[in-house]
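Novice: Got a structure for you, upload-v4.cif, holding mmCIF, C-alpha atoms and all ligand atoms.
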data_protein
#
loop_
_atom_site.label_atom_id
_atom_site.label_comp_id
_atom_site.auth_asym_id
_atom_site.auth_seq_id
_atom_site.Cartn_x
_atom_site.Cartn_y
_atom_site.Cartn_z
CA MET S 8 109.56 84.26 114.65
CA LEU S 9 105.90 84.77 115.24
CA LEU S 10 104.26 82.01 113.25
CA LYS S 11 101.03 82.41 111.43
CA GLU S 12 99.76 79.44 113.43
CA ASN S 13 99.99 81.60 116.55
CA ASN S 14 97.74 84.10 114.87
CA THR S 15 94.58 83.16 116.76
CA GLU S 16 96.39 83.28 120.07
CA LEU S 17 97.94 86.62 119.17
CA LYS S 18 94.62 88.13 118.19
CA ARG S 19 93.07 86.81 121.40
CA GLN S 20 95.89 88.26 123.47
CA ILE S 21 95.59 91.71 122.02
CA ASN S 22 91.86 91.43 121.48
CA TYR S 23 92.24 92.09 117.77
CA ASN S 24 89.44 91.06 115.46
CA VAL S 25 90.86 91.52 111.98
CA GLU S 26 87.83 89.92 110.30
CA LYS S 27 85.55 92.45 111.95
CA ILE S 28 87.88 95.27 110.89
CA ARG S 29 87.94 93.99 107.31
CA SER S 30 84.15 93.96 107.22
CA ASP S 31 84.26 97.71 107.89
CA PHE S 32 86.24 98.27 104.66
CA PRO S 33 83.93 97.36 101.76
CA ILE S 34 86.60 97.95 99.12
CA LEU S 35 88.61 95.00 100.41
CA SER S 36 86.04 92.38 99.48
CA GLN S 37 86.31 92.83 95.72
CA LEU S 38 88.05 90.75 93.09
CA VAL S 39 90.88 92.14 90.97
CA HIS S 40 91.69 90.20 87.78
CA GLY S 41 89.40 87.50 89.16
CA LYS S 42 91.42 87.16 92.39
CA PRO S 43 90.58 88.49 95.85
CA LEU S 44 92.16 91.89 96.31
CA VAL S 45 95.23 91.84 98.55
CA TYR S 46 95.85 95.49 99.27
CA LEU S 47 99.46 96.03 100.37
CA ASP S 48 99.92 99.63 99.27
CA ASN S 49 99.01 101.28 102.53
CA ALA S 50 102.05 103.53 102.65
CA ALA S 51 100.74 105.23 99.49
CA THR S 52 97.23 105.54 100.81
CA THR S 53 94.98 103.59 103.15
CA GLN S 54 91.45 102.38 102.50
CA LYS S 55 88.50 104.05 104.19
CA PRO S 56 86.16 102.39 106.69
CA LEU S 57 82.38 102.70 106.43
CA HIS S 58 82.44 105.06 109.38
CA VAL S 59 84.43 107.57 107.30
CA LEU S 60 82.37 106.99 104.15
CA HIS S 61 79.17 107.55 106.11
CA SER S 62 80.50 110.74 107.64
CA LEU S 63 81.18 112.14 104.16
CA GLU S 64 77.78 111.04 102.93
CA ASN S 65 76.07 112.50 105.96
CA TYR S 66 77.80 115.83 105.49
CA TYR S 67 76.79 116.18 101.84
CA TYR S 68 73.32 114.73 102.40
CA LYS S 69 72.41 116.71 105.48
CA GLN S 70 74.86 119.41 106.47
CA ASN S 71 76.46 120.92 103.38
CA ALA S 72 76.97 124.64 103.90
CA ASN S 73 79.93 126.97 104.05
CA ILE S 74 81.40 127.30 107.51
CA HIS S 75 82.15 130.21 109.86
CA ARG S 76 80.14 133.42 109.86
CA GLY S 77 76.91 131.72 108.73
CA VAL S 78 73.89 132.48 110.86
CA HIS S 79 71.66 129.82 109.37
CA ALA S 80 71.27 126.38 110.89
CA LEU S 81 73.13 124.37 108.27
CA SER S 82 76.14 126.65 108.34
CA GLN S 83 76.27 126.41 112.11
CA GLU S 84 75.96 122.65 112.00
CA ALA S 85 78.72 122.34 109.37
CA THR S 86 80.94 124.72 111.37
CA GLU S 87 80.34 122.68 114.49
CA ALA S 88 81.25 119.42 112.70
CA PHE S 89 84.36 120.99 111.13
CA GLU S 90 85.59 122.51 114.39
CA SER S 91 84.86 119.38 116.36
CA SER S 92 87.21 117.52 113.97
CA ARG S 93 89.90 120.02 114.88
CA ILE S 94 89.39 119.12 118.53
CA LYS S 95 89.61 115.41 117.67
CA VAL S 96 92.96 116.04 115.95
CA LYS S 97 94.15 118.08 118.93
CA LYS S 98 93.34 115.22 121.29
CA PHE S 99 94.73 112.58 118.93
CA ILE S 100 98.20 114.17 118.88
CA ASN S 101 97.85 115.69 122.36
CA ALA S 102 98.39 119.29 121.30
CA LEU S 103 98.04 121.97 123.94
CA GLY S 104 95.37 123.93 122.12
CA LYS S 105 93.09 123.69 119.11
CA ASN S 106 94.63 126.89 117.77
CA GLU S 107 97.77 124.84 117.09
CA ILE S 108 95.92 122.62 114.59
CA ILE S 109 95.86 123.94 111.04
CA PHE S 110 93.93 122.18 108.31
CA THR S 111 95.88 121.87 105.07
CA LYS S 112 95.64 119.74 101.92
CA GLY S 113 98.13 117.25 103.32
CA THR S 114 101.69 116.71 104.49
CA THR S 115 103.12 118.36 101.38
CA GLU S 116 101.19 121.56 101.89
CA SER S 117 101.96 121.59 105.62
CA ILE S 118 105.69 121.46 104.95
CA ASN S 119 105.46 124.09 102.22
CA LEU S 120 103.54 126.30 104.60
CA VAL S 121 106.40 126.28 107.12
CA ALA S 122 108.99 126.83 104.38
CA GLN S 123 107.07 129.74 102.88
CA THR S 124 106.18 131.47 106.14
CA TYR S 125 108.60 130.61 108.93
CA CYS S 126 111.64 130.36 106.66
CA ARG S 127 110.63 133.24 104.42
CA LYS S 128 110.71 135.42 107.52
CA PHE S 129 113.59 133.97 109.53
CA LEU S 130 115.99 132.28 107.09
CA LYS S 131 118.96 134.45 106.13
CA GLU S 132 121.87 134.16 103.73
CA GLY S 133 124.41 131.59 104.96
CA ASP S 134 121.97 129.86 107.34
CA ASP S 135 121.46 126.09 107.31
CA ILE S 136 118.42 123.85 107.20
CA ILE S 137 119.05 120.22 108.09
CA ILE S 138 117.13 117.26 106.66
CA SER S 139 118.09 113.60 106.26
CA GLU S 140 119.01 111.41 103.31
CA MET S 141 115.80 109.37 103.70
CA GLU S 142 113.34 112.22 103.17
CA HIS S 143 110.33 112.10 100.87
CA HIS S 144 110.65 114.65 98.06
CA SER S 145 108.04 116.75 99.84
CA ASN S 146 110.49 117.20 102.71
CA ILE S 147 113.34 118.09 100.35
CA VAL S 148 112.08 120.33 97.56
CA PRO S 149 110.25 122.96 99.67
CA TRP S 150 113.53 123.56 101.55
CA GLN S 151 115.54 123.67 98.33
CA LEU S 152 113.19 126.33 96.98
CA ILE S 153 113.46 128.58 100.01
CA CYS S 154 117.21 127.95 100.46
CA GLU S 155 117.80 128.96 96.86
CA GLU S 156 115.81 132.13 97.32
CA LYS S 157 117.52 133.07 100.58
CA LYS S 158 121.00 131.82 99.64
CA ALA S 159 120.90 129.41 102.56
CA ASN S 160 122.29 125.86 102.66
CA LEU S 161 120.49 122.55 102.82
CA LYS S 162 122.51 120.06 104.86
CA VAL S 163 121.77 116.36 104.75
CA ILE S 164 122.26 113.77 107.52
CA PRO S 165 123.49 110.59 105.81
CA ILE S 166 122.00 107.15 106.43
CA SER S 167 123.70 103.79 106.97
CA GLU S 168 123.50 100.57 104.95
CA THR S 169 120.64 99.43 107.19
CA GLY S 170 118.74 102.61 106.34
CA GLU S 171 119.23 104.27 109.71
CA LEU S 172 120.09 107.88 110.25
CA ILE S 173 123.70 108.32 111.42
CA PHE S 174 123.23 110.38 114.56
CA GLU S 175 126.92 111.31 114.93
CA GLU S 176 126.73 112.96 111.52
CA PHE S 177 123.80 115.02 112.71
CA GLU S 178 125.87 116.09 115.72
CA LYS S 179 128.56 117.26 113.31
CA LEU S 180 126.14 119.15 111.06
CA ILE S 181 124.16 121.14 113.61
CA SER S 182 125.56 124.49 114.56
CA GLU S 183 124.69 128.12 115.37
CA LYS S 184 123.94 128.54 111.66
CA THR S 185 121.11 125.97 111.75
CA LYS S 186 117.66 127.58 111.53
CA LEU S 187 115.47 124.48 111.24
CA VAL S 188 115.70 120.69 111.32
CA SER S 189 113.08 118.80 109.34
CA VAL S 190 113.11 115.02 109.45
CA VAL S 191 110.81 112.17 108.68
CA TYR S 192 109.48 110.30 111.71
CA ALA S 193 109.08 107.04 109.78
CA SER S 194 110.41 106.50 106.27
CA ASN S 195 107.99 105.56 103.51
CA SER S 196 110.56 103.70 101.43
CA LEU S 197 112.64 102.01 104.16
CA GLY S 198 110.25 101.77 107.08
CA THR S 199 112.88 103.19 109.45
CA VAL S 200 111.56 104.89 112.58
CA ASN S 201 113.92 107.71 113.45
CA PRO S 202 115.08 108.60 116.98
CA VAL S 203 113.10 111.81 116.84
CA LYS S 204 113.20 112.49 120.56
CA GLU S 205 117.01 112.54 120.51
CA ILE S 206 117.00 114.68 117.37
CA ILE S 207 114.64 117.19 118.98
CA ASN S 208 116.65 117.30 122.22
CA LEU S 209 119.88 118.01 120.39
CA ALA S 210 118.27 120.61 118.10
CA HIS S 211 116.70 122.37 121.07
CA SER S 212 120.05 122.59 122.81
CA TYR S 213 120.94 124.89 119.88
CA ASN S 214 117.52 126.61 120.08
CA VAL S 215 116.64 125.16 116.70
CA PRO S 216 113.02 124.20 116.00
CA VAL S 217 112.21 120.76 114.57
CA LEU S 218 109.56 119.79 112.06
CA LEU S 219 108.51 116.14 111.98
CA ASP S 220 107.13 114.67 108.78
CA ALA S 221 104.69 112.24 110.37
CA ALA S 222 102.99 111.15 107.13
CA GLN S 223 103.93 107.52 107.75
CA ALA S 224 104.03 107.67 111.53
CA VAL S 225 100.51 108.84 112.13
CA ASN S 226 98.78 105.52 111.50
CA HIS S 227 101.41 103.33 113.14
CA LEU S 228 102.74 105.19 116.17
CA GLU S 229 100.98 107.06 118.94
CA LEU S 230 101.87 110.72 118.56
CA ASP S 231 102.14 113.03 121.53
CA VAL S 232 103.45 116.40 120.38
CA GLN S 233 103.88 117.67 123.93
CA GLU S 234 105.88 114.64 124.95
CA LEU S 235 107.95 114.78 121.74
CA ASP S 236 108.28 118.53 122.16
CA CYS S 237 108.42 118.90 118.36
CA ASP S 238 107.82 122.41 117.05
CA PHE S 239 105.93 121.43 113.90
CA LEU S 240 104.37 118.18 112.81
CA ALA S 241 102.78 117.37 109.47
CA PHE S 242 100.56 114.52 108.32
CA SER S 243 97.91 113.62 105.74
CA GLY S 244 94.41 112.32 106.41
CA HIS S 245 94.51 109.75 103.64
CA LYS S 246 97.25 107.73 105.32
CA LEU S 247 95.16 107.55 108.49
CA TYR S 248 92.17 105.84 106.85
CA GLY S 249 90.66 109.27 106.16
CA PRO S 250 89.91 111.18 102.94
CA THR S 251 92.41 112.62 100.48
CA GLY S 252 92.92 116.37 100.20
CA ILE S 253 93.01 117.00 103.94
CA GLY S 254 96.00 117.16 106.24
CA ILE S 255 97.33 118.78 109.35
CA LEU S 256 100.05 121.14 110.31
CA TYR S 257 100.61 121.21 114.04
CA GLY S 258 102.72 124.12 115.26
CA LYS S 259 103.59 125.44 118.69
CA VAL S 260 101.49 128.49 119.29
CA ASN S 261 104.44 130.82 119.98
CA LEU S 262 105.89 129.97 116.56
CA LEU S 263 102.61 130.16 114.67
CA GLU S 264 101.99 133.58 116.21
CA ILE S 265 105.19 135.07 114.80
CA MET S 266 104.84 133.50 111.36
CA PRO S 267 103.30 135.55 108.55
CA PRO S 268 100.21 134.13 106.78
CA TYR S 269 100.69 131.55 104.04
CA GLN S 270 97.96 132.53 101.59
CA GLY S 271 95.70 135.53 101.51
CA GLY S 272 91.93 135.37 101.11
CA GLY S 273 88.70 134.95 102.97
CA ASP S 274 88.61 133.68 106.55
CA MET S 275 92.25 134.46 107.32
CA ILE S 276 91.58 138.15 107.93
CA SER S 277 90.32 140.18 110.83
CA LYS S 278 89.81 143.48 108.99
CA VAL S 279 90.46 144.43 105.39
CA THR S 280 90.83 147.94 104.05
CA PHE S 281 92.74 149.01 100.95
CA LYS S 282 95.27 150.65 103.24
CA GLN S 283 95.88 147.76 105.58
CA THR S 284 94.69 144.29 106.42
CA THR S 285 94.91 142.66 109.80
CA TYR S 286 94.89 138.92 110.21
CA ASN S 287 92.57 136.55 111.96
CA GLU S 288 93.58 134.74 115.12
CA LEU S 289 95.05 131.24 115.07
CA PRO S 290 94.46 128.83 113.48
CA HIS S 291 92.34 130.74 110.93
CA LYS S 292 95.26 133.01 109.99
CA PHE S 293 96.62 130.03 108.03
CA GLU S 294 93.35 128.81 106.54
CA ALA S 295 92.52 131.12 103.64
CA GLY S 296 89.44 130.36 101.57
CA THR S 297 86.78 127.68 101.87
CA PRO S 298 88.54 124.64 103.29
CA ASN S 299 87.96 120.96 102.57
CA ILE S 300 85.05 120.81 104.99
CA ALA S 301 83.98 117.27 104.15
CA GLY S 302 87.60 116.13 104.28
CA ALA S 303 88.10 117.57 107.75
CA ILE S 304 84.91 115.90 108.98
CA GLY S 305 86.02 112.63 107.38
CA LEU S 306 89.40 112.93 109.09
CA GLY S 307 87.63 113.34 112.41
CA ALA S 308 85.67 110.17 111.68
CA ALA S 309 88.88 108.33 110.79
CA ILE S 310 90.41 109.39 114.10
CA ASP S 311 87.32 108.06 115.91
CA TYR S 312 87.61 104.77 114.07
CA VAL S 313 91.35 104.32 114.64
CA SER S 314 91.07 105.35 118.29
CA ASN S 315 88.25 102.90 118.78
CA VAL S 316 90.35 100.00 117.45
CA GLY S 317 93.34 101.37 119.40
CA LEU S 318 96.52 102.58 117.74
CA ASP S 319 98.65 100.61 120.19
CA ARG S 320 96.89 97.37 119.24
CA ILE S 321 97.05 98.24 115.54
CA ALA S 322 100.80 98.89 115.85
CA TYR S 323 101.36 95.64 117.72
CA TYR S 324 99.42 93.64 115.15
CA GLU S 325 101.15 95.34 112.20
CA ASN S 326 104.54 94.63 113.75
CA THR S 327 103.76 90.94 113.85
CA LEU S 328 102.71 91.10 110.20
CA LEU S 329 105.97 92.83 109.33
CA GLU S 330 108.02 90.30 111.26
CA TYR S 331 106.20 87.39 109.62
CA ALA S 332 106.48 88.88 106.12
CA THR S 333 110.16 89.82 106.52
CA ASP S 334 111.12 86.36 107.75
CA LYS S 335 109.09 84.66 105.08
CA ILE S 336 110.17 86.58 101.99
CA SER S 337 113.79 86.66 103.16
CA THR S 338 113.91 82.89 102.57
CA LEU S 339 113.53 83.51 98.81
CA SER S 340 116.91 83.39 97.16
CA GLY S 341 117.45 86.33 94.87
CA LEU S 342 115.45 88.68 97.09
CA ARG S 343 117.09 91.44 99.10
CA VAL S 344 115.29 93.55 101.67
CA ILE S 345 116.10 97.27 101.46
CA GLY S 346 115.73 98.92 104.84
CA THR S 347 116.69 96.67 107.73
CA ALA S 348 116.57 99.14 110.59
CA LYS S 349 115.94 97.75 114.07
CA ASN S 350 112.95 99.98 114.59
CA LYS S 351 110.51 99.91 111.67
CA ILE S 352 106.91 100.55 110.78
CA SER S 353 105.19 97.92 108.64
CA VAL S 354 106.86 98.86 105.36
CA LEU S 355 108.78 96.16 103.50
CA SER S 356 110.88 97.24 100.52
CA PHE S 357 112.81 94.70 98.49
CA VAL S 358 114.52 94.04 95.18
CA LEU S 359 114.70 90.82 93.18
CA ASP S 360 117.94 90.02 91.34
CA ASN S 361 117.74 91.04 87.68
CA ILE S 362 113.99 91.64 87.75
CA HIS S 363 112.75 95.18 87.50
CA PRO S 364 110.34 96.18 90.30
CA HIS S 365 107.78 97.28 87.70
CA ASP S 366 107.67 93.71 86.38
CA VAL S 367 107.24 92.47 89.94
CA GLY S 368 104.36 94.90 90.50
CA THR S 369 102.65 94.02 87.23
CA PHE S 370 102.99 90.29 87.83
CA LEU S 371 101.62 90.55 91.37
CA ASP S 372 98.74 92.70 90.16
CA PHE S 373 97.51 89.75 88.11
CA GLU S 374 97.51 87.76 91.34
CA GLY S 375 95.27 90.42 92.88
CA VAL S 376 98.14 91.79 94.98
CA ALA S 377 98.56 95.59 95.04
CA ILE S 378 102.06 96.68 95.97
CA ARG S 379 103.93 99.84 94.96
CA THR S 380 107.02 99.89 92.80
CA GLY S 381 109.28 102.80 91.98
CA HIS S 382 111.40 105.29 93.86
CA HIS S 383 108.54 106.14 96.26
CA CYS S 384 109.37 109.86 95.96
CA THR S 385 112.68 109.19 97.70
CA GLN S 386 115.15 109.23 94.83
CA PRO S 387 118.14 110.00 97.11
CA VAL S 388 117.39 106.75 98.98
CA MET S 389 117.52 104.84 95.69
CA ASP S 390 120.82 106.57 94.87
CA LYS S 391 122.18 105.61 98.28
CA PHE S 392 121.40 101.92 97.67
CA LYS S 393 122.43 102.18 93.98
CA ILE S 394 119.12 100.85 92.73
CA PRO S 395 116.58 102.48 90.41
CA ALA S 396 113.55 101.40 92.39
CA THR S 397 112.17 98.93 94.92
CA SER S 398 109.04 96.87 95.31
CA ARG S 399 107.24 97.86 98.47
CA ALA S 400 104.61 95.98 100.44
CA SER S 401 103.14 98.03 103.27
CA PHE S 402 100.69 96.66 105.79
CA GLY S 403 97.69 98.27 107.40
CA MET S 404 95.34 97.36 110.22
CA TYR S 405 93.22 95.08 107.98
CA ASN S 406 95.93 92.94 106.40
CA THR S 407 96.27 89.28 107.31
CA PHE S 408 98.88 86.56 107.51
CA ASP S 409 97.11 84.77 104.65
CA GLU S 410 97.62 87.81 102.46
CA ILE S 411 101.34 87.70 103.19
CA ASP S 412 101.35 84.07 102.08
CA ILE S 413 99.73 85.15 98.81
CA LEU S 414 102.44 87.79 98.37
CA TYR S 415 105.11 85.21 99.11
CA ASN S 416 103.66 82.69 96.64
CA GLY S 417 103.45 85.39 93.97
CA LEU S 418 107.09 86.34 94.50
CA LYS S 419 108.12 82.70 94.38
CA LYS S 420 106.33 82.31 91.06
CA ILE S 421 108.01 85.42 89.64
CA LEU S 422 111.44 84.14 90.62
CA GLU S 423 110.68 80.81 88.93
CA VAL S 424 109.31 82.43 85.74
CA PHE S 425 112.21 84.85 85.38
CA LYS S 426 114.91 82.31 86.26
N1 LIG E 501 106.23 112.33 103.58
C1 LIG E 501 106.18 110.99 103.59
C2 LIG E 501 107.10 110.22 104.45
C3 LIG E 501 105.25 110.34 102.78
O1 LIG E 501 105.20 109.01 102.78
C4 LIG E 501 104.37 111.11 101.98
C5 LIG E 501 103.36 110.43 101.07
N2 LIG E 501 103.86 109.35 100.36
C6 LIG E 501 104.47 112.49 102.03
C7 LIG E 501 105.40 113.07 102.84
C8 LIG E 501 103.57 113.38 101.21
O2 LIG E 501 102.26 113.18 101.60
P1 LIG E 501 101.06 113.81 100.74
O3 LIG E 501 101.30 113.37 99.33
O4 LIG E 501 99.83 113.19 101.33
O5 LIG E 501 101.12 115.28 100.90
#
Transcribe the structure of this file into structure tokens.
Ligand code: PMP

Specialist:
Amino acid sequence: MLLKENNTELKRQINYNVEKIRSDFPILSQLVHGKPLVYLDNAATTQKPLHVLHSLENYYYKQNANIHRGVHALSQEATEAFESSRIKVKKFINALGKNEIIFTKGTTESINLVAQTYCRKFLKEGDDIIISEMEHHSNIVPWQLICEEKKANLKVIPISETGELIFEEFEKLISEKTKLVSVVYASNSLGTVNPVKEIINLAHSYNVPVLLDAAQAVNHLELDVQELDCDFLAFSGHKLYGPTGIGILYGKVNLLEIMPPYQGGGDMISKVTFKQTTYNELPHKFEAGTPNIAGAIGLGAAIDYVSNVGLDRIAYYENTLLEYATDKISTLSGLRVIGTAKNKISVLSFVLDNIHPHDVGTFLDFEGVAIRTGHHCTQPVMDKFKIPATSRASFGMYNTFDEIDILYNGLKKILEVFK
């Protein structure tokens, strides 16, 4: 076990200055119910560093104008800032070209986009789409909608008691009928990191494209879409210390080219007549209407910030937090961890005997501790474990070992009170 006492040595080793990082997040230094805020709800959304806040302020103070096609200075400046964010995203996930980076509202919209364009065109009656049992609702319902419409089947890879995907079951499910595999890279309710490389390799041996839901992976794991060879990848800016309302769909250019547009409107066209409309080139073909310009710029700033700290160092630090927290809270009798996969991101779900997670969340809130309770938009996972909900603590780059102690003490108190 990595003890808290080794904390200083650890931070020295990986050159990680958590106090400096915390000072970049003004929201963290406030009191909640008279107690210092302990923010452990990072899987729901992350806090934003000053660098991101300033980028938003700067845009609205100095650059606000609609982008593309504007000849005036502000429009050109805003376009430049917006498009340079696209290049930052491209580099961050190592895409081949910036035309493979589509700005969306978030992971949910990115997945819906693929369902409503790629699948609307290529999915036929009797075909299969494969997902897993640990998906977020946003990687279930869009496929149900299109499968229902096309009379196709949604097949589900089951998970084990540890919350790991059962690969042999995937091998049994995939076939010539499979048109798409869409799986979560890292689970938001269990923390499990899936063997996505193996999944992609197997799917490709059947010529089946793979979409990765990277909503939870993007701020914990270094993503390299070329190395992964995934066909689509979706994530949200707000889980990467960026603004809400902005997200990314990455798609391989050969697939994006053959997909019909998602929405119609301004910017996605090349020429419009009442007889016929031709579409703009990638990525604009998928970006109808005025986009979330400030959000895209803020996402670019978040990528700068995260890259500057170093995602590898963030991941290493968060893993030690997870290890410390798991070991510590597991000593509490009456507490059961849900999601014990070998390979996890820093998400810790648990249940307390005979105490509803909502009571746990409310109690901890009065201690200043923000965790999430509920089904985390993964109701099939709750069904699998035969529980209505879990309590979930999820750690980000600014959390500390002391905060985990506060969580632990709060849980201890709850167990005593409810005994
Ligand atoms: N997938 C996963 C794994 C998630 O954790 C989330 C957000 N909780 C989503 C998809 C949906 O993300 P958003 O609400 O930002 O579109």

Novice: Residues at most 8 Å from ligand LIG 501 (chain E), using only C-alpha atoms and all ligand atoms? Could they come as JSON, numbers by chain?

Specialist: {"S": [50, 51, 52, 112, 113, 114, 115, 116, 117, 142, 143, 144, 145, 146, 191, 192, 193, 194, 195, 196, 220, 221, 222, 223, 242, 243, 244, 245, 246, 251, 252, 254, 383, 384]}

Novice: So, counting only C-alpha atoms, which residue among S:Glu294, S:Pro387, S:Gly403, S:His58 is closest to Ile147 of chain S?

Specialist: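 Smallest distance to Ile147 of chain S is found for S:Pro387.
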
Novice: Distance atom CA of Val225 of chain S-atom CA of Ile255 of chain S, one decimal place?

Specialist: 10.8 Å

Novice: Quick one: 4 Å padding each side, axis-aligned, all listed atoms of segment 245-261 of chain S - centre and edge lengths in Å to one decimal, as JSON?

Specialist:
{"center_x": 97.2, "center_y": 118.3, "center_z": 110.1, "size_x": 22.5, "size_y": 33.0, "size_z": 27.8}

Novice: Restrict the calculation to only C-alpha atoms, then for each residue of segment 319-392 of chain S with any atom at most 10 Å from an atom of segment 152-176 of chain S give the closest atom pair and their distance in Å to one decimal, rows by chain and rising residue number, as a Markdown table.

Specialist:
| residue | atom | partner | partner_atom | distance |
| --- | --- | --- | --- | --- |
| S:Val344 | CA | S:Thr169 | CA | 9.7 |
| S:Ile345 | CA | S:Thr169 | CA | 7.6 |
| S:Gly346 | CA | S:Gly170 | CA | 5.0 |
| S:Thr347 | CA | S:Thr169 | CA | 4.8 |
| S:Ala348 | CA | S:Thr169 | CA | 5.3 |
| S:Lys349 | CA | S:Thr169 | CA | 8.5 |
| S:Asn350 | CA | S:Glu171 | CA | 9.0 |
| S:Lys351 | CA | S:Glu171 | CA | 9.9 |
| S:Val388 | CA | S:Gly170 | CA | 8.6 |
| S:Lys391 | CA | S:Ile166 | CA | 8.3 |
| S:Phe392 | CA | S:Glu168 | CA | 7.7 |

Novice: What is the distance, in Å and to one decimal place, between atom CA of Asp31 of chain S and atom CA of His61 of chain S?

Specialist: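 These atoms are spaced 11.2 Å apart.
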
Novice: Please provide as a list in words all residues within 9 Å of Val376 of chain S, with the sequence filter that same-chain residues fewer than 5 positions apart are discarded (counting only C-alpha atoms).

Specialist: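 The residues that qualify are Val39, Lys42, Pro43, Leu44, Val45, Tyr46, Leu47, Gly368, Phe370, Leu371, Glu410, Ile413, Leu414 and Gly417 of chain S.
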
Novice: Of the candidates S:Asn101, S:Ser82, S:Ser189, S:Asn24, which one gets nearest to Gln233 of chain S if we count all atoms listed in the file?

Specialist: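 For Gln233 of chain S, the nearest of the given residues is S:Asn101.
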
Novice: If you measure from atom CA of Phe110 of chain S to atom CA of Asn73 of chain S, what distance in Å do you get, rounded to one decimal?

Specialist: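 The value is 15.4 Å.
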
Novice: Compute the distance from (123.5, 121.2, 112.8) to each atom, counting all atoms listed in the file, keep the residues with any atom at most 10 Å away, and return them as a list in words; use the coordinates of the file.

Specialist: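 Taken together, the residues in range are Asp135, Ile136, Ile137, Ile138, Lys162, Val163, Ile164, Glu176, Phe177, Glu178, Lys179, Leu180, Ile181, Ser182, Glu183, Lys184, Thr185, Lys186, Leu187, Val188, Leu209, Ala210, Tyr213 and Val215 of chain S.
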
Novice: Using C-alpha atoms, can you write the selected residues to a file as a PDB file, in the frame of the given file?

Specialist:
ATOM      1  CA  ASP S 135     121.460 126.090 107.310  1.00  0.00           C
ATOM      2  CA  ILE S 136     118.420 123.850 107.200  1.00  0.00           C
ATOM      3  CA  ILE S 137     119.050 120.220 108.090  1.00  0.00           C
ATOM      4  CA  ILE S 138     117.130 117.260 106.660  1.00  0.00           C
ATOM      5  CA  LYS S 162     122.510 120.060 104.860  1.00  0.00           C
ATOM      6  CA  VAL S 163     121.770 116.360 104.750  1.00  0.00           C
ATOM      7  CA  ILE S 164     122.260 113.770 107.520  1.00  0.00           C
ATOM      8  CA  GLU S 176     126.730 112.960 111.520  1.00  0.00           C
ATOM      9  CA  PHE S 177     123.800 115.020 112.710  1.00  0.00           C
ATOM     10  CA  GLU S 178     125.870 116.090 115.720  1.00  0.00           C
ATOM     11  CA  LYS S 179     128.560 117.260 113.310  1.00  0.00           C
ATOM     12  CA  LEU S 180     126.140 119.150 111.060  1.00  0.00           C
ATOM     13  CA  ILE S 181     124.160 121.140 113.610  1.00  0.00           C
ATOM     14  CA  SER S 182     125.560 124.490 114.560  1.00  0.00           C
ATOM     15  CA  GLU S 183     124.690 128.120 115.370  1.00  0.00           C
ATOM     16  CA  LYS S 184     123.940 128.540 111.660  1.00  0.00           C
ATOM     17  CA  THR S 185     121.110 125.970 111.750  1.00  0.00           C
ATOM     18  CA  LYS S 186     117.660 127.580 111.530  1.00  0.00           C
ATOM     19  CA  LEU S 187     115.470 124.480 111.240  1.00  0.00           C
ATOM     20  CA  VAL S 188     115.700 120.690 111.320  1.00  0.00           C
ATOM     21  CA  LEU S 209     119.880 118.010 120.390  1.00  0.00           C
ATOM     22  CA  ALA S 210     118.270 120.610 118.100  1.00  0.00           C
ATOM     23  CA  TYR S 213     120.940 124.890 119.880  1.00  0.00           C
ATOM     24  CA  VAL S 215     116.640 125.160 116.700  1.00  0.00           C
TER      25      VAL S 215
END

Novice: Identify which of the residues S:Thr86, S:His363, S:Gly375, S:His227 lies closest to Gly41 of chain S, counting only C-alpha atoms when measuring atom-to-atom distances.

Specialist: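 Residue with the minimum atom-to-atom distance to Gly41 of chain S: S:Gly375.
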
Novice: Give the answer as one residue: which of S:Gln123, S:Ser401, S:Thr338, S:Thr369 has the shortest atom-to-atom distance to Tyr269 of chain S, using only C-alpha atoms?

Specialist: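 Comparing S:Gln123, S:Ser401, S:Thr338, S:Thr369 against Tyr269 of chain S, the winner is S:Gln123.
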
Novice: With distances taken over all atoms listed in the file, which residue among S:Pro290, S:Gly317, S:Gly258, S:Gly381 lies nearest Val232 of chain S?

Specialist: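 Selected residue with least distance to Val232 of chain S: S:Gly258.
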
Novice: Taking only C-alpha atoms into account, which of S:Leu130, S:Leu17, S:Ala72, S:Ile100 comes nearest Leu230 of chain S?

Specialist: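 For Leu230 of chain S, the nearest of the given residues is S:Ile100.
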
Novice: Give me the residues within 8 Å of Ala308 of chain S as an NGL selection string, counting all atoms listed in the file and dropping any in the same chain fewer than 6 places off.

Specialist: :S and (58-59 or 62 or 92 or 249)
